[in-house]
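S.K.: Got a structure for you, work_16.txt, holding compact mmCIF, C-alpha atoms and all ligand atoms.
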# COMPACT_ATOMS: atom_id res chain seq x y z
CA MET N 1 -27.75 -47.61 -41.90
CA THR N 2 -30.04 -46.75 -44.79
CA THR N 3 -32.57 -44.04 -44.19
CA THR N 4 -35.27 -46.46 -45.33
CA LEU N 5 -34.44 -48.78 -42.44
CA GLU N 6 -34.23 -45.82 -40.07
CA GLN N 7 -37.71 -44.73 -41.17
CA ARG N 8 -39.10 -48.26 -40.79
CA LEU N 9 -37.82 -48.38 -37.20
CA ILE N 10 -39.29 -44.99 -36.34
CA ASP N 11 -42.62 -45.87 -37.96
CA TYR N 12 -42.70 -49.14 -36.03
CA ALA N 13 -42.17 -47.33 -32.72
CA ASP N 14 -44.89 -44.79 -33.55
CA SER N 15 -47.42 -47.40 -34.61
CA HIS N 16 -46.67 -49.61 -31.56
CA ARG N 17 -46.72 -46.86 -28.95
CA ASP N 18 -49.73 -48.41 -27.19
CA HIS N 19 -47.93 -51.74 -26.99
CA LEU N 20 -44.95 -50.13 -25.24
CA VAL N 21 -47.17 -48.20 -22.82
CA ARG N 22 -49.07 -51.41 -21.98
CA LEU N 23 -45.78 -53.26 -21.40
CA ILE N 24 -44.58 -50.66 -18.90
CA GLY N 25 -47.99 -50.55 -17.20
CA ASP N 26 -47.97 -54.35 -16.86
CA LEU N 27 -44.48 -54.26 -15.35
CA VAL N 28 -45.57 -51.61 -12.82
CA ARG N 29 -48.69 -53.64 -11.94
CA CYS N 30 -46.41 -56.54 -11.09
CA PRO N 31 -44.57 -55.35 -7.93
CA SER N 32 -40.90 -56.27 -7.61
CA GLU N 33 -39.90 -54.53 -4.40
CA ASN N 34 -36.43 -54.97 -3.06
CA THR N 35 -36.37 -55.16 0.74
CA PRO N 36 -32.87 -56.33 1.68
CA PRO N 37 -31.87 -58.97 2.36
CA VAL N 38 -34.79 -60.35 0.32
CA GLY N 39 -36.68 -59.20 -2.77
CA ARG N 40 -39.78 -60.16 -4.71
CA GLU N 41 -38.67 -59.84 -8.31
CA ALA N 42 -39.72 -63.32 -9.49
CA ALA N 43 -43.22 -62.61 -10.85
CA CYS N 44 -42.00 -59.61 -12.83
CA GLN N 45 -39.10 -61.64 -14.27
CA GLN N 46 -41.62 -64.31 -15.34
CA TYR N 47 -43.66 -61.64 -17.08
CA ALA N 48 -40.58 -60.34 -18.95
CA ARG N 49 -39.64 -63.89 -19.89
CA GLY N 50 -43.10 -64.35 -21.43
CA VAL N 51 -42.66 -61.22 -23.57
CA LEU N 52 -39.30 -62.46 -24.86
CA GLU N 53 -40.70 -65.94 -25.57
CA ARG N 54 -43.58 -64.51 -27.55
CA ALA N 55 -41.02 -62.52 -29.55
CA GLY N 56 -39.26 -65.76 -30.47
CA TYR N 57 -36.33 -65.63 -28.05
CA SER N 58 -35.21 -68.42 -25.73
CA PRO N 59 -34.86 -66.57 -22.43
CA GLU N 60 -33.29 -68.20 -19.39
CA LEU N 61 -34.03 -67.54 -15.75
CA TYR N 62 -31.06 -68.41 -13.56
CA GLU N 63 -30.44 -68.27 -9.84
CA LEU N 64 -27.48 -66.17 -8.74
CA GLU N 65 -26.15 -68.95 -6.52
CA SER N 66 -25.84 -71.16 -9.60
CA VAL N 67 -23.24 -68.90 -11.22
CA PRO N 68 -19.77 -70.42 -10.69
CA GLY N 69 -17.33 -67.97 -9.14
CA LEU N 70 -19.92 -65.31 -8.28
CA LEU N 71 -19.86 -65.72 -4.51
CA ASP N 72 -16.05 -65.49 -4.49
CA HIS N 73 -15.89 -62.41 -6.69
CA PRO N 74 -14.39 -59.39 -4.87
CA LEU N 75 -17.36 -57.19 -5.89
CA TYR N 76 -19.94 -59.65 -4.55
CA ALA N 77 -21.89 -58.14 -1.66
CA THR N 78 -22.64 -60.65 1.07
CA GLY N 79 -25.65 -60.71 3.36
CA ARG N 80 -28.37 -61.00 0.69
CA ASP N 81 -30.83 -63.83 0.19
CA TYR N 82 -31.36 -64.73 -3.46
CA SER N 83 -33.72 -67.66 -3.16
CA GLY N 84 -36.49 -67.28 -5.72
CA ARG N 85 -34.91 -64.15 -7.23
CA PRO N 86 -33.63 -65.17 -10.65
CA ASN N 87 -31.86 -63.05 -13.25
CA LEU N 88 -33.29 -63.14 -16.77
CA VAL N 89 -31.21 -63.28 -19.93
CA ALA N 90 -31.91 -63.86 -23.62
CA ARG N 91 -29.19 -63.92 -26.23
CA ARG N 92 -29.71 -63.94 -29.96
CA ALA N 93 -26.64 -64.86 -31.99
CA GLY N 94 -25.83 -62.56 -34.87
CA SER N 95 -25.29 -63.68 -38.46
CA GLY N 96 -21.64 -62.63 -38.16
CA GLY N 97 -19.45 -59.64 -38.84
CA GLY N 98 -21.20 -57.23 -36.44
CA ARG N 99 -20.49 -55.86 -32.98
CA SER N 100 -22.19 -57.39 -29.97
CA LEU N 101 -24.37 -55.46 -27.53
CA ILE N 102 -26.02 -55.96 -24.14
CA LEU N 103 -29.25 -54.15 -23.24
CA SER N 104 -29.45 -54.33 -19.48
CA GLY N 105 -31.70 -53.11 -16.69
CA HIS N 106 -32.72 -53.88 -13.14
CA ILE N 107 -36.20 -55.25 -12.44
CA ASP N 108 -36.19 -54.53 -8.71
CA THR N 109 -37.62 -51.31 -7.34
CA VAL N 110 -37.32 -49.65 -3.97
CA PRO N 111 -40.33 -50.45 -1.72
CA ARG N 112 -43.48 -48.37 -2.08
CA GLY N 113 -42.49 -46.62 1.18
CA THR N 114 -44.69 -45.29 3.95
CA GLN N 115 -45.32 -41.87 2.38
CA HIS N 116 -48.71 -41.00 0.96
CA TRP N 117 -49.39 -41.78 -2.72
CA THR N 118 -52.21 -40.02 -4.54
CA ASN N 119 -53.14 -43.31 -6.23
CA ASP N 120 -52.30 -46.98 -5.78
CA PRO N 121 -48.52 -47.20 -6.37
CA PHE N 122 -49.02 -50.38 -8.40
CA SER N 123 -51.86 -49.21 -10.65
CA GLY N 124 -49.64 -48.11 -13.54
CA HIS N 125 -52.32 -45.62 -14.48
CA VAL N 126 -51.82 -43.09 -17.24
CA GLU N 127 -52.70 -39.41 -16.93
CA GLY N 128 -51.92 -37.46 -20.07
CA ASN N 129 -48.24 -37.90 -20.83
CA ARG N 130 -47.45 -39.57 -17.51
CA LEU N 131 -47.50 -43.19 -16.39
CA TYR N 132 -47.49 -43.43 -12.58
CA GLY N 133 -46.34 -46.08 -10.19
CA ARG N 134 -43.48 -47.48 -8.16
CA GLY N 135 -40.68 -48.28 -10.58
CA SER N 136 -42.36 -46.54 -13.54
CA ASN N 137 -39.35 -44.25 -13.85
CA ASP N 138 -36.68 -46.35 -12.09
CA MET N 139 -36.67 -48.43 -14.19
CA LYS N 140 -39.61 -50.39 -15.53
CA ALA N 141 -39.88 -47.97 -18.42
CA GLY N 142 -36.31 -48.93 -19.31
CA ILE N 143 -37.03 -52.66 -19.00
CA GLY N 144 -40.13 -52.11 -21.14
CA ILE N 145 -38.05 -50.30 -23.77
CA ASN N 146 -35.58 -53.18 -23.92
CA LEU N 147 -38.38 -55.74 -24.30
CA PHE N 148 -39.96 -53.51 -26.93
CA VAL N 149 -36.70 -53.45 -28.91
CA ALA N 150 -36.55 -57.26 -28.71
CA SER N 151 -40.11 -57.53 -30.06
CA ALA N 152 -39.45 -54.93 -32.76
CA LEU N 153 -36.47 -56.83 -34.15
CA SER N 154 -38.60 -59.96 -34.44
CA ASP N 155 -41.71 -58.22 -35.80
CA LEU N 156 -39.65 -56.46 -38.45
CA GLY N 157 -37.77 -59.67 -39.32
CA LEU N 158 -34.40 -58.00 -38.77
CA ARG N 159 -31.43 -60.29 -38.44
CA LEU N 160 -28.58 -58.54 -36.67
CA ARG N 161 -24.96 -59.24 -37.59
CA GLY N 162 -23.67 -58.94 -34.04
CA ASP N 163 -25.00 -60.84 -31.02
CA ILE N 164 -27.56 -59.11 -28.87
CA VAL N 165 -28.21 -59.88 -25.20
CA PHE N 166 -31.32 -58.76 -23.29
CA GLU N 167 -30.83 -58.81 -19.55
CA SER N 168 -33.07 -58.06 -16.58
CA VAL N 169 -31.26 -58.30 -13.26
CA VAL N 170 -32.35 -58.43 -9.64
CA ASP N 171 -31.09 -56.45 -6.65
CA GLU N 172 -29.68 -53.19 -8.00
CA GLU N 173 -31.30 -50.90 -5.45
CA PHE N 174 -29.62 -50.54 -2.04
CA GLY N 175 -26.18 -50.83 -3.65
CA GLY N 176 -26.89 -54.42 -4.67
CA VAL N 177 -24.67 -54.88 -7.70
CA ASN N 178 -24.81 -58.68 -7.46
CA GLY N 179 -27.42 -59.13 -10.21
CA THR N 180 -25.38 -57.18 -12.75
CA LEU N 181 -22.21 -58.83 -11.54
CA ALA N 182 -23.77 -62.30 -11.98
CA GLY N 183 -24.43 -61.61 -15.66
CA ARG N 184 -20.79 -60.70 -16.29
CA VAL N 185 -19.33 -63.54 -14.23
CA ARG N 186 -21.68 -65.95 -16.04
CA GLY N 187 -20.06 -64.85 -19.28
CA HIS N 188 -22.57 -62.45 -20.80
CA LEU N 189 -20.02 -60.04 -22.23
CA ALA N 190 -20.15 -57.82 -25.31
CA ASP N 191 -18.49 -55.01 -27.25
CA ALA N 192 -20.78 -52.49 -25.52
CA ALA N 193 -23.74 -52.18 -23.18
CA VAL N 194 -26.64 -49.78 -22.80
CA ILE N 195 -28.37 -49.66 -19.42
CA THR N 196 -31.82 -48.11 -19.81
CA GLU N 197 -31.90 -46.28 -16.47
CA PRO N 198 -33.90 -43.03 -16.50
CA SER N 199 -31.25 -40.66 -17.87
CA ALA N 200 -33.72 -37.96 -19.04
CA LEU N 201 -32.75 -38.47 -22.69
CA ARG N 202 -29.12 -37.68 -21.94
CA ILE N 203 -26.26 -40.03 -22.72
CA CYS N 204 -24.67 -40.76 -19.36
CA ALA N 205 -21.14 -42.00 -19.79
CA ALA N 206 -20.22 -41.57 -16.13
CA GLN N 207 -21.66 -42.26 -12.72
CA ARG N 208 -20.83 -40.79 -9.37
CA GLY N 209 -19.79 -42.95 -6.50
CA GLY N 210 -21.51 -42.82 -3.14
CA ARG N 211 -20.61 -43.28 0.52
CA THR N 212 -23.16 -43.70 3.29
CA VAL N 213 -22.51 -43.57 7.03
CA HIS N 214 -24.81 -43.92 9.99
CA ILE N 215 -23.72 -41.78 12.92
CA THR N 216 -25.18 -42.43 16.37
CA PHE N 217 -25.00 -39.58 18.88
CA ARG N 218 -25.54 -40.47 22.54
CA ALA N 219 -25.98 -38.28 25.60
CA THR N 220 -23.63 -38.83 28.53
CA GLY N 221 -24.99 -41.13 31.17
CA GLY N 222 -28.64 -40.63 30.37
CA VAL N 223 -30.62 -37.42 30.70
CA LEU N 224 -30.64 -35.93 34.21
CA ILE N 225 -32.44 -32.84 35.35
CA LYS N 226 -29.94 -30.77 37.33
CA ASP N 227 -30.02 -27.31 38.92
CA GLY N 228 -33.52 -26.66 37.68
CA ALA N 229 -32.44 -26.54 34.01
CA LEU N 230 -33.63 -28.88 31.28
CA PRO N 231 -30.76 -30.98 29.94
CA SER N 232 -30.08 -30.79 26.21
CA GLY N 233 -29.68 -34.54 25.68
CA VAL N 234 -28.15 -35.08 22.24
CA ALA N 235 -29.52 -31.89 20.72
CA ASP N 236 -26.31 -29.90 21.36
CA GLN N 237 -24.18 -32.62 19.77
CA VAL N 238 -26.39 -32.76 16.72
CA THR N 239 -26.48 -28.95 16.44
CA TYR N 240 -22.68 -28.82 16.62
CA PHE N 241 -22.38 -31.52 13.94
CA LEU N 242 -24.88 -29.81 11.63
CA LYS N 243 -23.02 -26.51 11.94
CA ALA N 244 -19.71 -28.20 11.14
CA LEU N 245 -20.97 -30.24 8.18
CA PRO N 246 -20.62 -27.43 5.59
CA ASP N 247 -16.85 -27.53 6.32
CA PHE N 248 -16.78 -31.15 5.19
CA ALA N 249 -18.82 -30.28 2.10
CA ALA N 250 -16.41 -27.42 1.32
CA GLN N 251 -13.46 -29.77 1.72
CA ARG N 252 -15.08 -32.22 -0.72
CA LYS N 253 -15.40 -29.48 -3.32
CA ARG N 254 -11.62 -29.41 -3.66
CA VAL N 255 -11.80 -32.76 -5.48
CA PRO N 256 -11.10 -32.14 -9.19
CA THR N 257 -14.32 -32.25 -11.21
CA HIS N 258 -14.54 -34.98 -13.84
CA PRO N 259 -15.10 -33.40 -17.30
CA LEU N 260 -18.52 -35.13 -17.63
CA TYR N 261 -19.65 -33.23 -14.51
CA ALA N 262 -18.18 -29.89 -15.61
CA ARG N 263 -21.62 -28.28 -16.02
CA CYS N 264 -22.95 -29.70 -12.75
CA PRO N 265 -23.39 -27.00 -10.06
CA ASP N 266 -22.49 -29.41 -7.24
CA PRO N 267 -20.44 -32.33 -8.56
CA VAL N 268 -19.75 -33.86 -5.13
CA PRO N 269 -22.85 -33.20 -2.99
CA VAL N 270 -22.97 -33.97 0.72
CA ALA N 271 -26.45 -34.63 2.09
CA ILE N 272 -28.18 -35.71 5.26
CA THR N 273 -30.64 -38.35 4.13
CA LYS N 274 -32.17 -39.32 7.49
CA ILE N 275 -32.37 -37.89 11.01
CA PHE N 276 -33.92 -40.16 13.55
CA THR N 277 -34.74 -39.82 17.18
CA GLY N 278 -37.90 -41.02 18.68
CA PRO N 279 -40.27 -42.60 19.03
CA TRP N 280 -42.61 -40.03 17.47
CA GLY N 281 -46.26 -39.33 18.28
CA SER N 282 -48.46 -37.51 20.79
CA GLY N 283 -49.10 -40.90 22.42
CA GLU N 284 -45.42 -41.00 23.37
CA PRO N 285 -44.22 -39.40 26.65
CA ILE N 286 -42.53 -36.01 26.24
CA THR N 287 -38.84 -36.63 26.94
CA ILE N 288 -35.45 -35.20 26.04
CA PRO N 289 -33.87 -37.50 23.43
CA ASP N 290 -30.70 -39.22 24.60
CA GLU N 291 -29.91 -40.75 21.22
CA CYS N 292 -30.06 -39.51 17.64
CA LYS N 293 -29.06 -41.30 14.44
CA ILE N 294 -28.08 -39.44 11.31
CA GLU N 295 -27.58 -40.93 7.88
CA LEU N 296 -25.02 -39.01 5.86
CA PHE N 297 -24.63 -39.62 2.12
CA TRP N 298 -21.97 -38.00 0.02
CA GLN N 299 -21.06 -38.50 -3.59
CA LEU N 300 -17.74 -39.02 -5.30
CA MET N 301 -16.12 -38.35 -8.62
CA PRO N 302 -15.07 -41.19 -10.92
CA GLY N 303 -11.55 -42.24 -9.97
CA GLU N 304 -11.77 -41.53 -6.24
CA GLU N 305 -10.43 -44.38 -4.11
CA GLN N 306 -12.17 -45.87 -1.11
CA THR N 307 -9.20 -45.64 1.26
CA THR N 308 -8.66 -41.94 0.49
CA VAL N 309 -12.37 -41.13 0.74
CA ASP N 310 -12.81 -42.97 4.04
CA ARG N 311 -9.64 -41.47 5.50
CA GLU N 312 -10.76 -37.97 4.53
CA PHE N 313 -14.14 -38.41 6.25
CA GLN N 314 -12.68 -40.03 9.35
CA ALA N 315 -10.05 -37.30 9.76
CA TRP N 316 -12.68 -34.57 9.44
CA PHE N 317 -15.13 -36.31 11.76
CA GLU N 318 -12.53 -37.05 14.43
CA SER N 319 -11.29 -33.48 14.43
CA MET N 320 -14.87 -32.21 14.66
CA VAL N 321 -15.45 -34.42 17.72
CA ALA N 322 -12.06 -33.49 19.24
CA SER N 323 -12.85 -29.80 18.93
CA ALA N 324 -15.65 -30.12 21.52
CA PRO N 325 -14.49 -32.73 24.05
CA GLU N 326 -16.94 -31.66 26.77
CA LEU N 327 -19.85 -32.10 24.35
CA PHE N 328 -18.76 -35.49 22.99
CA ALA N 329 -17.87 -37.20 26.26
CA VAL N 330 -19.44 -40.25 24.65
CA PRO N 331 -17.88 -40.32 21.16
CA PRO N 332 -20.48 -40.76 18.39
CA ALA N 333 -20.41 -44.19 16.70
CA VAL N 334 -19.84 -44.30 12.94
CA GLU N 335 -20.88 -47.22 10.80
CA TYR N 336 -20.56 -47.60 7.02
CA ALA N 337 -24.13 -48.60 6.28
CA VAL N 338 -23.95 -49.36 2.56
CA ARG N 339 -21.13 -50.92 0.60
CA TRP N 340 -18.54 -48.76 -1.12
CA LEU N 341 -20.00 -47.52 -4.42
CA PRO N 342 -17.30 -46.28 -6.77
CA GLY N 343 -17.70 -43.63 -9.44
CA SER N 344 -16.89 -44.70 -12.98
CA ALA N 345 -16.63 -43.22 -16.46
CA ILE N 346 -15.77 -44.04 -20.03
CA ASP N 347 -14.16 -41.74 -22.56
CA GLU N 348 -16.80 -39.74 -24.36
CA SER N 349 -14.85 -40.04 -27.61
CA LEU N 350 -15.52 -43.81 -27.76
CA PRO N 351 -17.53 -45.06 -30.78
CA LEU N 352 -20.34 -46.16 -28.43
CA VAL N 353 -20.97 -42.58 -27.31
CA LYS N 354 -20.43 -41.04 -30.73
CA GLU N 355 -22.69 -43.48 -32.59
CA PHE N 356 -25.39 -43.42 -29.93
CA SER N 357 -25.37 -39.64 -30.09
CA GLU N 358 -25.88 -39.74 -33.86
CA CYS N 359 -28.85 -42.11 -33.50
CA ALA N 360 -30.41 -40.04 -30.72
CA SER N 361 -29.85 -36.85 -32.73
CA ALA N 362 -31.82 -38.34 -35.62
CA VAL N 363 -34.78 -38.82 -33.27
CA LEU N 364 -34.52 -35.72 -31.08
CA ARG N 365 -33.46 -33.38 -33.94
CA ALA N 366 -30.63 -32.19 -31.67
CA ALA N 367 -27.61 -33.87 -30.12
CA PRO N 368 -28.39 -35.09 -26.59
CA PRO N 369 -26.07 -33.89 -23.80
CA VAL N 370 -23.30 -36.31 -22.84
CA VAL N 371 -22.93 -36.05 -19.08
CA GLY N 372 -22.51 -38.02 -15.87
CA ILE N 373 -25.60 -39.31 -14.03
CA GLU N 374 -26.46 -37.74 -10.66
CA GLY N 375 -25.71 -40.75 -8.52
CA PRO N 376 -24.28 -44.25 -8.23
CA CYS N 377 -25.58 -47.25 -10.20
CA ASP N 378 -24.44 -50.62 -11.56
CA MET N 379 -22.70 -49.26 -14.66
CA TYR N 380 -19.25 -49.51 -13.09
CA VAL N 381 -19.54 -53.30 -13.12
CA PHE N 382 -19.62 -53.25 -16.95
CA HIS N 383 -16.69 -50.82 -17.04
CA GLY N 384 -14.80 -53.07 -14.64
CA PHE N 385 -15.21 -55.96 -17.08
CA GLY N 386 -13.83 -53.82 -19.91
CA ILE N 387 -17.26 -53.29 -21.51
CA PRO N 388 -17.94 -49.69 -22.54
CA ALA N 389 -21.39 -48.87 -21.17
CA ILE N 390 -23.70 -45.88 -21.08
CA LEU N 391 -27.04 -45.08 -19.50
CA TRP N 392 -29.87 -44.05 -21.79
CA GLY N 393 -33.47 -43.70 -20.78
CA PRO N 394 -36.56 -41.54 -20.49
CA ILE N 395 -37.56 -38.47 -18.48
CA GLY N 396 -39.42 -39.01 -15.23
CA ALA N 397 -39.64 -37.87 -11.65
CA ASN N 398 -40.03 -38.96 -8.03
CA ALA N 399 -37.84 -42.04 -8.35
CA HIS N 400 -37.77 -43.63 -4.85
CA GLY N 401 -40.54 -41.23 -3.73
CA PRO N 402 -44.34 -41.18 -3.79
CA ASP N 403 -46.16 -40.48 -7.09
CA GLU N 404 -43.21 -41.67 -9.18
CA TYR N 405 -43.90 -41.26 -12.87
CA VAL N 406 -42.36 -41.47 -16.32
CA GLU N 407 -43.15 -39.22 -19.29
CA LEU N 408 -44.48 -41.31 -22.16
CA ASP N 409 -43.33 -39.09 -25.04
CA SER N 410 -39.80 -39.42 -23.74
CA VAL N 411 -40.23 -43.19 -23.46
CA ILE N 412 -41.11 -43.38 -27.16
CA ALA N 413 -38.18 -41.12 -28.08
CA ALA N 414 -35.80 -43.21 -25.96
CA ALA N 415 -37.07 -46.41 -27.59
CA LYS N 416 -36.64 -45.02 -31.10
CA ALA N 417 -33.07 -43.91 -30.46
CA LEU N 418 -32.23 -47.27 -28.92
CA LEU N 419 -33.79 -49.17 -31.81
CA LEU N 420 -31.77 -47.14 -34.31
CA PHE N 421 -28.62 -47.66 -32.29
CA VAL N 422 -29.08 -51.43 -31.94
CA CYS N 423 -29.36 -51.80 -35.73
CA ARG N 424 -26.43 -49.49 -36.35
CA TRP N 425 -24.12 -50.99 -33.72
CA CYS N 426 -24.81 -54.64 -34.40
CA GLY N 427 -25.43 -54.19 -38.14
CA VAL N 428 -28.38 -55.60 -40.04
CA GLY N 429 -27.92 -58.48 -42.45
CA ASP N 430 -29.52 -58.66 -45.88
ZN ZN N 501 -32.36 -47.57 -11.22
Before we go any further, please render this structure as structure tokens.
Ligand SMILES: [Zn+2]

M.R.:
Amino acid sequence: MTTTLEQRLIDYADSHRDHLVRLIGDLVRCPSENTPPVGREAACQQYARGVLERAGYSPELYELESVPGLLDHPLYATGRDYSGRPNLVARRAGSGGGRSLILSGHIDTVPRGTQHWTNDPFSGHVEGNRLYGRGSNDMKAGIGINLFVASALSDLGLRLRGDIVFESVVDEEFGGVNGTLAGRVRGHLADAAVITEPSALRICAAQRGGRTVHITFRATGGVLIKDGALPSGVADQVTYFLKALPDFAAQRKRVPTHPLYARCPDPVPVAITKIFTGPWGSGEPITIPDECKIELFWQLMPGEEQTTVDREFQAWFESMVASAPELFAVPPAVEYAVRWLPGSAIDESLPLVKEFSECASAVLRAAPPVVGIEGPCDMYVFHGFGIPAILWGPIGANAHGPDEYVELDSVIAAAKALLLFVCRWCGVGD
């Protein structure tokens, strides 16, 4: 790529900063909450379609159910309702002789949640370097960056040699996968893909897997007051489990660390993500709880297999229960609450990683770290279809929590690097 073109791309991004910020704000102001089994992504997809149309593309909205072979695919997760939740795709054919590329992202967000937000979660308001709102970080900034790249190519009159595909999918949160899967099964394939998830300006060439279980502890035969003492209900069971859990975490640490997680202090974290017993409130009678539910989430290295992971947990859990038979007279029930989410990685020596790193270095004035992202996502679907894929996106915070925000300087930097990479990867005609 000539330095003149590189400079034109960077100048374009600088002079159109307000346009990109407005795009992301508009996307945040258009809620697209995913509340399984349903989701409300349609209005936001329509908005994105409009942006692509105005940039001269011919975007298509398609229903997932209309994709032949999707429902029978082994990765397809059942139990979701996709009526009125279309995927969006726009493909521009290259002039020939270049490599093809998919820029992908998910339009759905987690729900606003019941926690307190300082401001309206759908205001998309800007304070200094931050744009706030549900999905601002995960990942409407990324969708905005992809749409911005599409507009830039048109505004600058750049004809790419390789094909480029812009994709906005539904239902990624909650282990969805089906939106990303639909794109691949429908035949949107390429020589590489960049998913603009918030990667904090790091090239993420790997993702962890994740396993979630819901454990229900129950007291034996209700809670009876006997011999003048207060019964413990489920509290003793839960205490015993919580004390034993570090043993499981320690056991997990014996899993060999994938090289892309070598600098991560805890490559395979084990976390309690919910503890529930109730109902809560001073209006409720004071009672000893006879049931408690715990959500346990642990993460996995790329390459770990479901059968081994499940067997390891079950063996540990059963031995924990067996070690206190008097306590667990009613054995706790275990349910796998979310589908199996595998880890996945590509080789960091691939041209995709190398060339992206060079483009990002030109913008950041230093090579970005190449690492694995701190959790599961849809990237493994691309890898499974033989498409090298990375995550690349801005810096932000509070994804899935209140007061979620994205840092705008990092959004501009991410957009510049992506713009440079698109032109380099696909090639620009005369
Ligand atoms: Zn995301």

S.K.: Kindly compile the residues surrounding ligand ZN 501 (chain N) within 10 Å, counting only C-alpha atoms and all ligand atoms, and format them as a list of chain:residue names.

M.R.: N:Gly105, N:His106, N:Ile107, N:Asp108, N:Thr109, N:Val110, N:Gly135, N:Asn137, N:Asp138, N:Met139, N:Lys140, N:Gly142, N:Glu172, N:Glu173, N:Ile195, N:Thr196, N:Glu197, N:Pro198, N:Ser199, N:Gly375, N:Pro376, N:Cys377, N:Asp378, N:Ala399, N:His400

S.K.: Rank nothing, just name the residue among N:Leu296, N:Ala13, N:Ala417, N:Leu101 nearest to N:Lys274, using all atoms listed in the file.

M.R.: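 Result for the nearest residue to N:Lys274: N:Leu296.
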
S.K.: Which one is closest to N:Ser344: N:Thr307, N:Asn34, N:Asn398, N:Gln207? Count all atoms listed in the file.

M.R.: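 For N:Ser344, the nearest of the candidates is N:Gln207.
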
S.K.: Mind giving me the straight-line distance from atom CA of N:Phe217 to atom CA of N:Glu291 in Å, one decimal?

M.R.: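 Taking atom CA of N:Phe217 as the start and atom CA of N:Glu291 as the end point, the length is 5.6 Å.
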
S.K.: When you draw a straight line from atom CA of N:Ala219 to atom CA of N:Glu284, how long is it in Å?

M.R.: 19.8 Å

S.K.: Closest to N:Asp171 among N:Asp81, N:Asp14, N:Asp266, N:Asp409, using all atoms listed in the file?

M.R.: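 Among N:Asp81, N:Asp14, N:Asp266, N:Asp409, it is N:Asp81 that comes nearest to N:Asp171.
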
S.K.: Nearest residue to N:Glu6 out of N:Leu408, N:Ala192, N:Val169, N:Ala362, using all atoms listed in the file?

M.R.: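 Ranking N:Leu408, N:Ala192, N:Val169, N:Ala362 by distance to N:Glu6, first place goes to N:Ala362.
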
S.K.: Any idea what's packed within 6 Å of stretch 146-163 of chain N, counting only C-alpha atoms, ignoring anything in its chain fewer than 2 positions away? Could you give it as a list of chain:residue names?

M.R.: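 Counting only the stated atoms, we get N:Ala55, N:Arg92, N:Ala93, N:Gly94, N:Ser95, N:Gly96, N:Gly97, N:Gly98, N:Arg99, N:Ser100, N:Ile143, N:Gly144, N:Leu419, N:Cys426, N:Gly427, N:Val428, N:Gly429.
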
S.K.: Residues at most 8 Å from N:Tyr336, counting all atoms listed in the file, excluding those fewer than 4 positions away in the same chain, as a list in words?

M.R.: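 Once the nearby chain positions are removed, what remains is Arg211, Thr212, Val213 and His214 of chain N.
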
S.K.: Could you give me, as a ChimeraX atom specification, the residues that have an atom at most 9 Å away from the point (-48.2, -41.8, -3.2) in the coordinates of the file, using only C-alpha atoms?

M.R.: /N:112-121,133-134,401-404

S.K.: Export, as a compact mmCIF listing (two decimals), keeping the file's coordinate frame, the selected residues with C-alpha atoms.

M.R.:
# COMPACT_ATOMS: atom_id res chain seq x y z
CA ARG N 112 -43.48 -48.37 -2.08
CA GLY N 113 -42.49 -46.62 1.18
CA THR N 114 -44.69 -45.29 3.95
CA GLN N 115 -45.32 -41.87 2.38
CA HIS N 116 -48.71 -41.00 0.96
CA TRP N 117 -49.39 -41.78 -2.72
CA THR N 118 -52.21 -40.02 -4.54
CA ASN N 119 -53.14 -43.31 -6.23
CA ASP N 120 -52.30 -46.98 -5.78
CA PRO N 121 -48.52 -47.20 -6.37
CA GLY N 133 -46.34 -46.08 -10.19
CA ARG N 134 -43.48 -47.48 -8.16
CA GLY N 401 -40.54 -41.23 -3.73
CA PRO N 402 -44.34 -41.18 -3.79
CA ASP N 403 -46.16 -40.48 -7.09
CA GLU N 404 -43.21 -41.67 -9.18

S.K.: Residues proximal to (-18.8, -28.9, 19.3) were defined as those with any atom within 9 Å of that point in the file's coordinates, counting all atoms listed in the file. Which are they, as number ranges by chain?

M.R.: N: 236-241, 243-244, 320-328

S.K.: Store the residues picked out above in a file with C-alpha atoms, as a short mmCIF file (atom, residue, chain, number, x, y, z; two decimals), in the frame of the given file.

M.R.:
data_model
loop_
_atom_site.label_atom_id
_atom_site.label_comp_id
_atom_site.auth_asym_id
_atom_site.auth_seq_id
_atom_site.Cartn_x
_atom_site.Cartn_y
_atom_site.Cartn_z
CA ASP N 236 -26.31 -29.90 21.36
CA GLN N 237 -24.18 -32.62 19.77
CA VAL N 238 -26.39 -32.76 16.72
CA THR N 239 -26.48 -28.95 16.44
CA TYR N 240 -22.68 -28.82 16.62
CA PHE N 241 -22.38 -31.52 13.94
CA LYS N 243 -23.02 -26.51 11.94
CA ALA N 244 -19.71 -28.20 11.14
CA MET N 320 -14.87 -32.21 14.66
CA VAL N 321 -15.45 -34.42 17.72
CA ALA N 322 -12.06 -33.49 19.24
CA SER N 323 -12.85 -29.80 18.93
CA ALA N 324 -15.65 -30.12 21.52
CA PRO N 325 -14.49 -32.73 24.05
CA GLU N 326 -16.94 -31.66 26.77
CA LEU N 327 -19.85 -32.10 24.35
CA PHE N 328 -18.76 -35.49 22.99
#

S.K.: Taking only C-alpha atoms into account, name the residue in N:Cys423, N:Val406, N:Ile387, N:Val255 that is nearest to N:Arg184.

M.R.: N:Ile387
